[in-house]
$ cat run_36.cif   # mmCIF, C-alpha atoms
data_model
#
loop_
_atom_site.label_atom_id
_atom_site.label_comp_id
_atom_site.auth_asym_id
_atom_site.auth_seq_id
_atom_site.Cartn_x
_atom_site.Cartn_y
_atom_site.Cartn_z
CA MET A 279 0.00 0.00 0.00
CA ARG A 280 2.77 2.39 0.87
CA VAL A 281 4.62 1.74 -2.39
CA GLY A 282 1.47 2.52 -4.40
CA THR A 283 1.14 5.81 -2.59
CA ILE A 284 4.74 6.73 -3.30
CA LEU A 285 4.41 5.85 -6.97
CA THR A 286 1.32 8.00 -7.45
CA GLN A 287 2.82 11.09 -5.84
CA GLN A 288 4.13 13.63 -8.28
CA VAL A 289 7.53 15.13 -7.74
CA VAL A 290 7.22 18.87 -8.28
CA LYS A 291 10.35 20.42 -9.74
CA PRO A 292 10.95 24.02 -8.68
CA GLN A 293 10.04 26.52 -11.35
CA LYS A 294 12.38 29.41 -11.99
CA LEU A 295 11.59 33.03 -12.75
CA ASN A 296 14.24 35.38 -14.04
CA PHE A 297 13.61 38.90 -12.70
CA SER A 298 15.69 41.76 -14.06
CA ILE A 299 15.56 45.35 -12.83
CA ARG A 300 17.27 48.59 -13.75
CA LYS A 301 16.66 50.47 -10.49
CA LYS A 302 19.63 49.55 -8.31
CA GLU A 303 18.21 51.53 -5.39
CA MET A 304 15.23 49.13 -5.32
CA GLN A 305 17.38 46.01 -4.92
CA PRO A 306 17.16 45.61 -1.10
CA THR A 307 13.40 46.13 -1.09
CA LEU A 308 12.83 43.79 -4.02
CA GLN A 309 14.99 41.09 -2.45
CA LYS A 310 12.71 41.17 0.60
CA ILE A 311 9.63 40.96 -1.64
CA ILE A 312 11.18 38.03 -3.53
CA LYS A 313 11.95 36.24 -0.27
CA ASP A 314 8.30 36.62 0.82
CA PHE A 315 7.10 35.53 -2.64
CA GLU A 316 9.25 32.40 -2.56
CA LYS A 317 8.02 31.59 0.95
CA GLU A 318 4.40 31.81 -0.26
CA ASN A 319 5.25 29.94 -3.49
CA PRO A 320 7.76 27.25 -2.50
CA THR A 321 7.82 25.67 -5.95
CA ILE A 322 9.00 28.92 -7.57
CA LYS A 323 12.55 30.24 -7.28
CA VAL A 324 13.36 33.77 -8.44
CA LYS A 325 16.72 34.59 -10.01
CA PHE A 326 17.21 38.29 -9.40
CA THR A 327 19.55 40.22 -11.70
CA ASN A 328 20.66 43.82 -11.74
CA VAL A 329 23.34 44.64 -14.31
CA LEU A 330 25.48 47.70 -14.99
CA ASP A 331 24.07 48.56 -18.42
CA PRO A 332 20.51 47.26 -18.22
CA GLY A 333 19.30 48.88 -21.45
CA LYS A 334 22.00 47.26 -23.57
CA VAL A 335 21.74 43.91 -21.78
CA LEU A 336 17.95 43.81 -22.15
CA LYS A 337 18.14 44.64 -25.88
CA THR A 338 20.65 41.84 -26.37
CA ARG A 339 18.62 39.32 -24.38
CA ILE A 340 15.36 40.13 -26.16
CA ALA A 341 17.05 40.03 -29.58
CA SER A 342 18.53 36.62 -28.78
CA GLY A 343 15.23 35.19 -27.49
CA ASP A 344 16.46 35.09 -23.89
CA ALA A 345 14.23 37.77 -22.34
CA PRO A 346 13.82 37.71 -18.54
CA ASP A 347 10.43 36.52 -17.29
CA VAL A 348 9.85 39.76 -15.39
CA ILE A 349 11.56 43.06 -16.16
CA ASN A 350 11.62 46.60 -14.92
CA ILE A 351 11.77 49.05 -17.80
CA TYR A 352 10.95 52.70 -18.22
CA LEU A 353 7.65 52.63 -20.05
CA GLN A 354 8.19 55.83 -21.96
CA ASN A 355 11.25 54.14 -23.50
CA THR A 356 10.79 53.73 -27.26
CA ASP A 357 12.20 50.20 -27.05
CA PHE A 358 9.35 49.25 -24.68
CA GLN A 359 6.82 50.71 -27.12
CA GLU A 360 8.28 48.75 -30.04
CA TRP A 361 8.62 45.50 -28.09
CA ALA A 362 5.01 45.79 -26.91
CA LYS A 363 3.76 46.38 -30.47
CA ALA A 364 5.80 43.38 -31.63
CA GLY A 365 4.15 41.09 -29.05
CA THR A 366 7.25 40.63 -26.89
CA PHE A 367 5.28 41.21 -23.70
CA GLU A 368 2.20 39.53 -22.26
CA ASP A 369 -1.03 41.49 -22.77
CA LEU A 370 -2.35 42.17 -19.26
CA THR A 371 -5.47 44.05 -20.35
CA GLY A 372 -8.49 42.99 -18.31
CA LYS A 373 -6.57 40.93 -15.74
CA ASP A 374 -8.22 40.88 -12.31
CA PHE A 375 -5.14 42.11 -10.43
CA LEU A 376 -5.28 45.43 -12.28
CA GLY A 377 -8.24 46.24 -10.02
CA ASN A 378 -5.73 46.54 -7.13
CA LEU A 379 -4.12 49.58 -8.74
CA LYS A 380 -5.16 53.20 -8.55
CA GLU A 381 -7.53 53.98 -11.41
CA GLY A 382 -5.61 54.81 -14.57
CA ALA A 383 -2.20 53.75 -13.19
CA ALA A 384 -1.70 50.91 -15.67
CA GLU A 385 -3.50 52.63 -18.55
CA THR A 386 -1.10 55.58 -18.49
CA TYR A 387 1.47 53.71 -20.55
CA ALA A 388 -0.82 51.46 -22.58
CA VAL A 389 0.34 50.71 -26.10
CA ASN A 390 -2.43 50.59 -28.72
CA ASP A 391 -4.93 50.47 -25.83
CA LYS A 392 -3.33 47.32 -24.40
CA ILE A 393 -1.68 47.09 -20.98
CA TYR A 394 1.71 45.39 -20.87
CA SER A 395 2.97 46.56 -17.50
CA VAL A 396 2.07 47.46 -13.95
CA PRO A 397 3.74 50.24 -11.97
CA LEU A 398 6.67 49.28 -9.78
CA THR A 399 6.65 52.58 -7.92
CA ASN A 400 4.61 55.74 -7.72
CA ASN A 401 6.12 59.19 -7.50
CA ALA A 402 4.71 62.33 -5.99
CA TRP A 403 6.09 65.80 -6.48
CA GLY A 404 5.23 69.33 -5.62
CA PHE A 405 6.61 72.74 -4.79
CA PHE A 406 7.47 74.40 -1.53
CA TYR A 407 7.34 78.13 -1.18
CA ASN A 408 8.57 80.68 1.33
CA ALA A 409 5.36 81.96 2.91
CA ASP A 410 7.14 84.95 4.50
CA LYS A 411 8.62 86.04 1.18
CA PHE A 412 5.27 85.68 -0.59
CA LYS A 413 3.66 87.82 2.13
CA GLU A 414 6.45 90.41 1.88
CA LEU A 415 5.88 90.65 -1.89
CA GLY A 416 2.09 90.80 -1.52
CA LEU A 417 1.58 87.44 -3.25
CA GLY A 418 -1.16 85.00 -2.35
CA VAL A 419 -0.74 81.25 -2.19
CA PRO A 420 -0.94 79.92 -5.78
CA LYS A 421 -4.04 77.74 -6.11
CA THR A 422 -3.37 76.41 -9.64
CA TRP A 423 -0.36 75.60 -11.82
CA LEU A 424 -1.30 78.44 -14.15
CA ILE A 425 -1.24 80.98 -11.29
CA LEU A 426 2.13 79.62 -10.12
CA LYS A 427 3.52 79.80 -13.64
CA ASN A 428 2.42 83.42 -14.13
#

$ encode --input "run_36.cif" --output "structure tokens"
Amino acid sequence: MRVGTILTQQVVKPQKLNFSIRKKEMQPTLQKIIKDFEKENPTIKVKFTNVLDPGKVLKTRIASGDAPDVINIYLQNTDFQEWAKAGTFEDLTGKDFLGNLKEGAAETYAVNDKIYSVPLTNNAWGFFYNADKFKELGLGVPKTWLILKN
């Protein structure tokens, strides 16, 4: 009975994902995320790469048919646009997980109305002003970009 049980069990070979990034400053954070991912998905091992000239390396790997499974690329990059149009990337349009993102976050860099990426980070920016100096000059707090510009 025991032998039959052993023979019917499937041996699951670990799957490997190759993850390549170009944001060196993200490496420690991403390594923690990968560790958590591997803990939750014990049959998947992630090979994490961060190279000195990621643009050149990625072009070479894609041209040779050896593209990483997951990449970090600047979406406004013309290479990304061309690779997406050529079908290099998986079309993510309509996938359930996109509902976890802020509205419009993935659509911002859609190519031909198709989504090929999800944001890795989100940036916020703004301006600070010297309230005393504005008061001294008789200026009010700018309420719009146009007012600030003028």

$ axis_aligned_box --input "run_36.cif" --around "region 304-321 of chain A" --padding-each-side "3 Å" --output "AutoDock Vina command-line options"
--center_x 10.9 --center_y 37.4 --center_z -2.5 --size_x 19.0 --size_y 29.5 --size_z 12.9

$ closest_residue --input "run_36.cif" --among "A:Ser342, A:Thr422, A:Gln305, A:Gln359" --to "Ser395 (chain A)" --atoms "all atoms listed in the file"
A:Gln359

$ resolve_selection --input "run_36.cif" --expression "the PyMOL selection byres ((chain A and resi 332-338) around 9)" --output "ChimeraX atom specification"
/A:298-300,328-331,339-346,349,351,357

$ closest_residue --input "run_36.cif" --among "A:Leu308, A:Val419, A:Ile393, A:Leu379" --to "Phe358 (chain A)" --atoms "all atoms listed in the file"
A:Ile393

$ atom_distance --input "run_36.cif" --atom1 "CA of Lys373 (chain A)" --atom2 "CA of Pro292 (chain A)"
25.4 Å

$ atom_distance --input "run_36.cif" --atom1 "CA of Ala362 (chain A)" --atom2 "CA of Gly377 (chain A)"
21.5 Å

$ atom_distance --input "run_36.cif" --atom1 "CA of Leu424 (chain A)" --atom2 "CA of Asp410 (chain A)"
21.5 Å

$ residues_around --input "run_36.cif" --residues "Thr321 (chain A)" --least-positions-apart "4" --cutoff "10 Å" --atoms "all atoms listed in the file" --output "mmCIF file with C-alpha atoms, in the coordinates of the input"
data_model
loop_
_atom_site.group_PDB
_atom_site.id
_atom_site.type_symbol
_atom_site.label_atom_id
_atom_site.label_comp_id
_atom_site.auth_asym_id
_atom_site.auth_seq_id
_atom_site.Cartn_x
_atom_site.Cartn_y
_atom_site.Cartn_z
ATOM 1 C CA VAL A 290 7.220 18.870 -8.280
ATOM 2 C CA LYS A 291 10.350 20.420 -9.740
ATOM 3 C CA PRO A 292 10.950 24.020 -8.680
ATOM 4 C CA GLN A 293 10.040 26.520 -11.350
ATOM 5 C CA LYS A 294 12.380 29.410 -11.990
ATOM 6 C CA GLU A 316 9.250 32.400 -2.560
ATOM 7 C CA LYS A 317 8.020 31.590 0.950
#

$ decode --input "run_36.cif" --residues "region 372-384 of chain A" --atoms "N, CA, C and O atoms" --output "JSON list (two decimals), in the first residue's frame"
[["chain", "number", "residue", "atom", "x", "y", "z"],
["A", 372, "GLY", "N", -7.34, 43.71, -18.86],
["A", 372, "GLY", "CA", -8.49, 42.99, -18.31],
["A", 372, "GLY", "C", -8.17, 42.01, -17.20],
["A", 372, "GLY", "O", -9.09, 41.37, -16.67],
["A", 373, "LYS", "N", -6.93, 41.87, -16.82],
["A", 373, "LYS", "CA", -6.57, 40.93, -15.74],
["A", 373, "LYS", "C", -7.12, 41.44, -14.41],
["A", 373, "LYS", "O", -7.12, 42.63, -14.13],
["A", 374, "ASP", "N", -7.60, 40.53, -13.58],
["A", 374, "ASP", "CA", -8.22, 40.88, -12.31],
["A", 374, "ASP", "C", -7.32, 41.72, -11.40],
["A", 374, "ASP", "O", -7.78, 42.64, -10.74],
["A", 375, "PHE", "N", -6.03, 41.40, -11.36],
["A", 375, "PHE", "CA", -5.14, 42.11, -10.43],
["A", 375, "PHE", "C", -5.00, 43.59, -10.75],
["A", 375, "PHE", "O", -4.59, 44.36, -9.89],
["A", 376, "LEU", "N", -5.35, 44.01, -11.95],
["A", 376, "LEU", "CA", -5.28, 45.43, -12.28],
["A", 376, "LEU", "C", -6.25, 46.24, -11.43],
["A", 376, "LEU", "O", -6.06, 47.44, -11.22],
["A", 377, "GLY", "N", -7.28, 45.58, -10.91],
["A", 377, "GLY", "CA", -8.24, 46.24, -10.02],
["A", 377, "GLY", "C", -7.61, 46.67, -8.70],
["A", 377, "GLY", "O", -8.20, 47.47, -7.97],
["A", 378, "ASN", "N", -6.43, 46.16, -8.37],
["A", 378, "ASN", "CA", -5.73, 46.54, -7.13],
["A", 378, "ASN", "C", -4.98, 47.85, -7.28],
["A", 378, "ASN", "O", -4.48, 48.37, -6.29],
["A", 379, "LEU", "N", -4.88, 48.36, -8.49],
["A", 379, "LEU", "CA", -4.12, 49.58, -8.74],
["A", 379, "LEU", "C", -5.03, 50.80, -8.71],
["A", 379, "LEU", "O", -6.24, 50.70, -8.94],
["A", 380, "LYS", "N", -4.43, 51.94, -8.48],
["A", 380, "LYS", "CA", -5.16, 53.20, -8.55],
["A", 380, "LYS", "C", -5.69, 53.34, -9.98],
["A", 380, "LYS", "O", -5.00, 53.03, -10.95],
["A", 381, "GLU", "N", -6.89, 53.84, -10.10],
["A", 381, "GLU", "CA", -7.53, 53.98, -11.41],
["A", 381, "GLU", "C", -6.62, 54.74, -12.38],
["A", 381, "GLU", "O", -6.11, 55.81, -12.06],
["A", 382, "GLY", "N", -6.40, 54.17, -13.54],
["A", 382, "GLY", "CA", -5.61, 54.81, -14.57],
["A", 382, "GLY", "C", -4.11, 54.57, -14.48],
["A", 382, "GLY", "O", -3.37, 54.92, -15.39],
["A", 383, "ALA", "N", -3.64, 53.94, -13.38],
["A", 383, "ALA", "CA", -2.20, 53.75, -13.19],
["A", 383, "ALA", "C", -1.59, 52.88, -14.28],
["A", 383, "ALA", "O", -0.53, 53.19, -14.81],
["A", 384, "ALA", "N", -2.24, 51.80, -14.64],
["A", 384, "ALA", "CA", -1.70, 50.91, -15.67],
["A", 384, "ALA", "C", -1.99, 51.45, -17.07],
["A", 384, "ALA", "O", -1.19, 51.27, -17.98]]
